[in-house]
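J.: Please see the structure below; I have some questions.
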Protein chains: 2
Amino acid sequence: MKVLFTFNIKEEQLKRLETEFADVEFSFTKKIEEVPLDNYEVIVTYGEDISTAVLDRASSLKWIMVASAGVEKMPLDEIAEKGIIMSNVRGIHKTPMAESVLAHILSLGRALPTMREHQLKKEWNKKARQTELRGATAIILGPGAIGSEIGRLLQAFGVHTIGCNSSGDRVPNMDETIPFEKLKDVLPKGDIVISVLPSTPKTKGMLDGSYFEAMKDSALFMNFGRGDLVKESTLLHALKHDEIGHAVLDVFEKEPLPAESELWELGNVTISPHVSSHSGKYVERALEFFTVNLSKWREGDRELVNLIDLEQGY
Amino acid sequence: MKVLFTFNIKEEQLKRLETEFADVEFSFTKKIEEVPLDNYEVIVTYGEDISTAVLDRASSLKWIMVASAGVEKMPLDEIAEKGIIMSNVRGIHKTPMAESVLAHILSLGRALPTMREHQLKKEWNKKARQTELRGATAIILGPGAIGSEIGRLLQAFGVHTIGCNSSGDRVPNMDETIPFEKLKDVLPKGDIVISVLPSTPKTKGMLDGSYFEAMKDSALFMNFGRGDLVKESTLLHALKHDEIGHAVLDVFEKEPLPAESELWELGNVTISPHVSSHSGKYVERALEFFTVNLSKWREGDRELVNLIDLEQGY
């Protein structure tokens, strides 16, 4: 059985795989379009290189292991048609992303950017407006693995957490869960509004201006899901008219964020260039997911961990 | 019975006190040296205005309520001699301080200062070295109310916490607790070393250069206790010779930190101008402590909450 990786892993990581799966042949390429693909049963990829042309050439392909969370750049219909199953590393981002979200919330709350400015001027200045996170209310849009981890940490800080998903069904680490239809009623309570929603036909452009009008003037809005949730023009309007207090953006309608975007220089915006999930431990963690699933696969078990529903797109 | 405040409180706060304690007369001054003091049984102060001259004039004084945590500027021997009891608001700082400590740890771990620099240059730059806090080890010097709260939050992030106190007795939210004599043996394990020690004869200058040599080269050292724990020259040596990775300093040998101090401009130092405990909710919280104790006092109960041991100084 042959497995093709379209990214490199460390030598000791490969050795571990070869020891555990002695009868599997692992190959590596960064140029999937240049290698023959007809013998590979499994492709391990970050998900950006699987075109329909690739699928047509990969005649033995049965399983695509995506070592990232979003699959919106992949030809899901064609993958489904060919009966290929797909799994991802859902949950791999939860630790670094939740740490990123808490880092931004606490850094702004404790006025660290202001302190930094004072330090650069060698100014001993105690006048920075500092708040306490304890007692705040956070609304988390899309509380899956990542949102739930964010909720768990926020609760440790004494924050009231309100999850918002399509069903309104209860989610771990949320004090309340509401369906999307009730979001606008709840927004006036939120000191912090965090989206970790994936990009789906439903979420695209979902947050129009009326949602920002419903938020507190002091609200901290954080988009750590996908940039197409809200139009840049909508965000700019809300930020310039003080409909919200501050935005921390890890994702954008257009990435990389163009240099001419006004978002760069607004005083109440923090730009995180789609790095909230970055971690020195990423590949190591992805291989943990892959190893579990490859064991299942070798035993004929097709109920892999983190299977993707190709129709829903997540 | 008469109570003198040497700081102002809000009108609604005074009204609440007057309602609850109808037979107590509350007065306010910011210039304690200019008002007669002989009729006051209680003085409520931030602790910096109680001189021996004040004590000599306050002939009815029986209780000093200090609305702060540190009492090292007060004439403790004279207060003890006169049989005056003293209480403070130990624990009032724990929420804002623990939030400050976590804010700095996460902000550095997720490279927020680097991201800010990139934003100012409108530079979409993903190259910031980000780590995960999960799995790190933190050593907390002086795990009282504040240190224990820091430990609780760190544990929620999956950090292994080692408390260090004089007795080595177990402390809540610490995975281990060690006595000071064993600190140097444990320092090589610490990714983060946080002091929240008060200033006492024992702690003054306690952390000499040998402690910094024992720390990891990558260690994050945080002083949120008192500045006299470590000489500025010792810190500068450790920071300039990469004996540690970074220092976040909320307290200093000399405060305000003089403009000519080299600490201001070292790349691996964050200056927090003794503001880690600041909070918009401070006076409100202090009055909660005072109200509880004043009730006890009126009932003749002298076992006040947060009594200070005048010999130990905390």
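Chains: A, B, ... in order of the structure tokens. Residues: from 1 per chain. Ligands: from 1, in order shown.
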Kindly assemble as CSV a list of the chain A residues that lie within 8 Å of chain B, each paired with its nearest atom pair and their distance in Å to one decimal, using only C-alpha atoms, sorted first by chain and then by ascending residue number.

T.:
```
residue,atom,partner,partner_atom,distance
A:Thr95,CA,B:Glu132,CA,7.3
A:Pro96,CA,B:Glu132,CA,5.9
A:Glu99,CA,B:Leu106,CA,6.7
A:Ser100,CA,B:Arg110,CA,6.0
A:Leu102,CA,B:Leu106,CA,7.4
A:Ala103,CA,B:Leu106,CA,4.8
A:His104,CA,B:Ser107,CA,7.0
A:Leu106,CA,B:Ala103,CA,4.8
A:Ser107,CA,B:Ala103,CA,5.1
A:Arg110,CA,B:Ser100,CA,6.0
A:Leu112,CA,B:His104,CA,7.7
A:Pro113,CA,B:Pro113,CA,7.7
A:Met115,CA,B:Ser272,CA,6.5
A:Arg116,CA,B:Thr270,CA,7.5
A:Gln119,CA,B:Trp264,CA,6.2
A:Leu120,CA,B:Glu265,CA,7.2
A:Lys122,CA,B:Trp264,CA,5.9
A:Glu123,CA,B:Ala259,CA,7.4
A:Trp124,CA,B:Pro273,CA,5.9
A:Asn125,CA,B:Pro273,CA,6.6
A:Lys126,CA,B:Pro273,CA,6.1
A:Gln130,CA,B:Ser279,CA,5.7
A:Thr131,CA,B:Ser279,CA,5.5
A:Glu132,CA,B:Pro96,CA,5.9
A:Leu133,CA,B:Glu99,CA,7.5
A:Arg134,CA,B:Thr95,CA,7.4
A:Leu153,CA,B:Ala156,CA,6.6
A:Ala156,CA,B:Leu153,CA,6.6
A:Phe157,CA,B:Leu153,CA,7.3
A:Pro256,CA,B:Trp124,CA,6.4
A:Leu257,CA,B:Trp124,CA,6.8
A:Ala259,CA,B:Lys122,CA,5.9
A:Trp264,CA,B:Lys122,CA,5.9
A:Glu265,CA,B:Leu120,CA,7.2
A:Thr270,CA,B:Arg116,CA,7.5
A:Ile271,CA,B:Gln119,CA,6.2
A:Ser272,CA,B:Met115,CA,6.5
A:Pro273,CA,B:Trp124,CA,5.9
A:His274,CA,B:Lys126,CA,7.5
A:Val275,CA,B:Lys126,CA,6.3
A:Ser276,CA,B:Arg110,CA,7.8
A:His278,CA,B:Gln130,CA,6.6
A:Ser279,CA,B:Thr131,CA,5.6
A:Gly280,CA,B:Thr131,CA,6.0
A:Lys281,CA,B:Glu132,CA,7.9
```

J.: Can you list, as a compact mmCIF listing (two decimals) with N, CA and C atoms, in the first residue's frame, every protein, DNA or RNA residue that comes within 9 Å of Ala214 of chain A when you count only C-alpha atoms, leaving out same-chain residues fewer than 5 positions away?

T.:
```
# COMPACT_ATOMS: atom_id res chain seq x y z
N LYS A 184 -29.29 37.85 17.26
CA LYS A 184 -29.43 39.30 17.35
C LYS A 184 -30.06 39.74 18.68
N ASP A 185 -30.87 38.87 19.26
CA ASP A 185 -31.48 39.21 20.56
C ASP A 185 -30.44 39.19 21.68
N VAL A 186 -29.43 38.34 21.49
CA VAL A 186 -28.45 38.12 22.56
C VAL A 186 -27.25 39.07 22.44
N LEU A 187 -26.98 39.54 21.22
CA LEU A 187 -25.79 40.37 20.99
C LEU A 187 -25.65 41.56 21.95
N PRO A 188 -26.75 42.24 22.33
CA PRO A 188 -26.58 43.39 23.23
C PRO A 188 -25.97 43.02 24.59
N GLY A 209 -24.53 44.38 8.54
CA GLY A 209 -24.44 45.55 9.41
C GLY A 209 -25.37 45.52 10.61
N GLU A 243 -19.71 51.53 16.41
CA GLU A 243 -20.78 50.60 16.74
C GLU A 243 -20.26 49.47 17.62
```

J.: Expressed in Å to a single decimal, how great is the separation between atom CA of Glu41 of chain B and atom CA of Lys62 of chain B?

T.: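 Computing it gives 5.3 Å between the two atoms.
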
J.: To test your reading of the structure, identify every residue in segment 33-228 of chain B that backbone DSSP assigns to alpha helix (DSSP H), and report it as a PyMOL selection string.

T.: chain B and resi 52-57+76-81+94-109+112-120+145-156+183-186+209-214

J.: Please list as a short mmCIF file (atom, residue, chain, number, x, y, z; two decimals) with C-alpha atoms, in the first residue's frame every residue within 12 Å of Lys10 of chain A, counting only C-alpha atoms and excluding residues in the same chain fewer than 6 positions away.

T.:
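out01.cif written:
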```
data_model
loop_
_atom_site.label_atom_id
_atom_site.label_comp_id
_atom_site.auth_asym_id
_atom_site.auth_seq_id
_atom_site.Cartn_x
_atom_site.Cartn_y
_atom_site.Cartn_z
CA ARG A 16 8.31 6.30 13.51
CA LEU A 17 5.73 5.83 10.73
CA PHE A 28 6.78 12.73 -0.48
CA VAL A 283 3.05 18.60 12.16
CA GLU A 284 3.69 16.43 15.21
CA LEU A 287 0.77 12.94 12.49
#
```

J.: What is the atom CA of Leu197 of chain A-atom CA of Lys240 of chain A distance in Å, reported with one decimal?

T.: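 One can read the atom CA of Leu197 of chain A to atom CA of Lys240 of chain A distance as 24.4 Å.
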
J.: Work out how far atom CA of Leu304 of chain B is from atom CA of Ile79 of chain B, in Å to one decimal.

T.: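 Straight-line distance from atom CA of Ile79 of chain B to atom CA of Leu304 of chain B works out to 16.5 Å.
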
J.: B:Ser218, B:Ser148, B:Ser59, B:Thr200: which is nearest Thr177 of chain B, counting only C-alpha atoms?

T.: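 So, comparing all the options, the nearest one is B:Ser148.
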
J.: Can you pull out every residue within 10 Å of segment 18-22 of chain B, counting only C-alpha atoms, but drop anything in the same chain fewer than 3 positions away, and send it as a list in words?

T.: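 Here the answer would be Glu12, Gln13, Leu14, Lys15, Glu25, Phe26, Thr291, Leu294, Ser295 and Arg298 of chain B.
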
J.: Going by DSSP on the backbone, which bits of segment 38-263 of chain B are strand (DSSP E or B)? Write them as a ChimeraX atom specification, please.

T.: /B:42-45,63-66,85-87,137-141,160-165,176-179,192-195,220-223,246-249
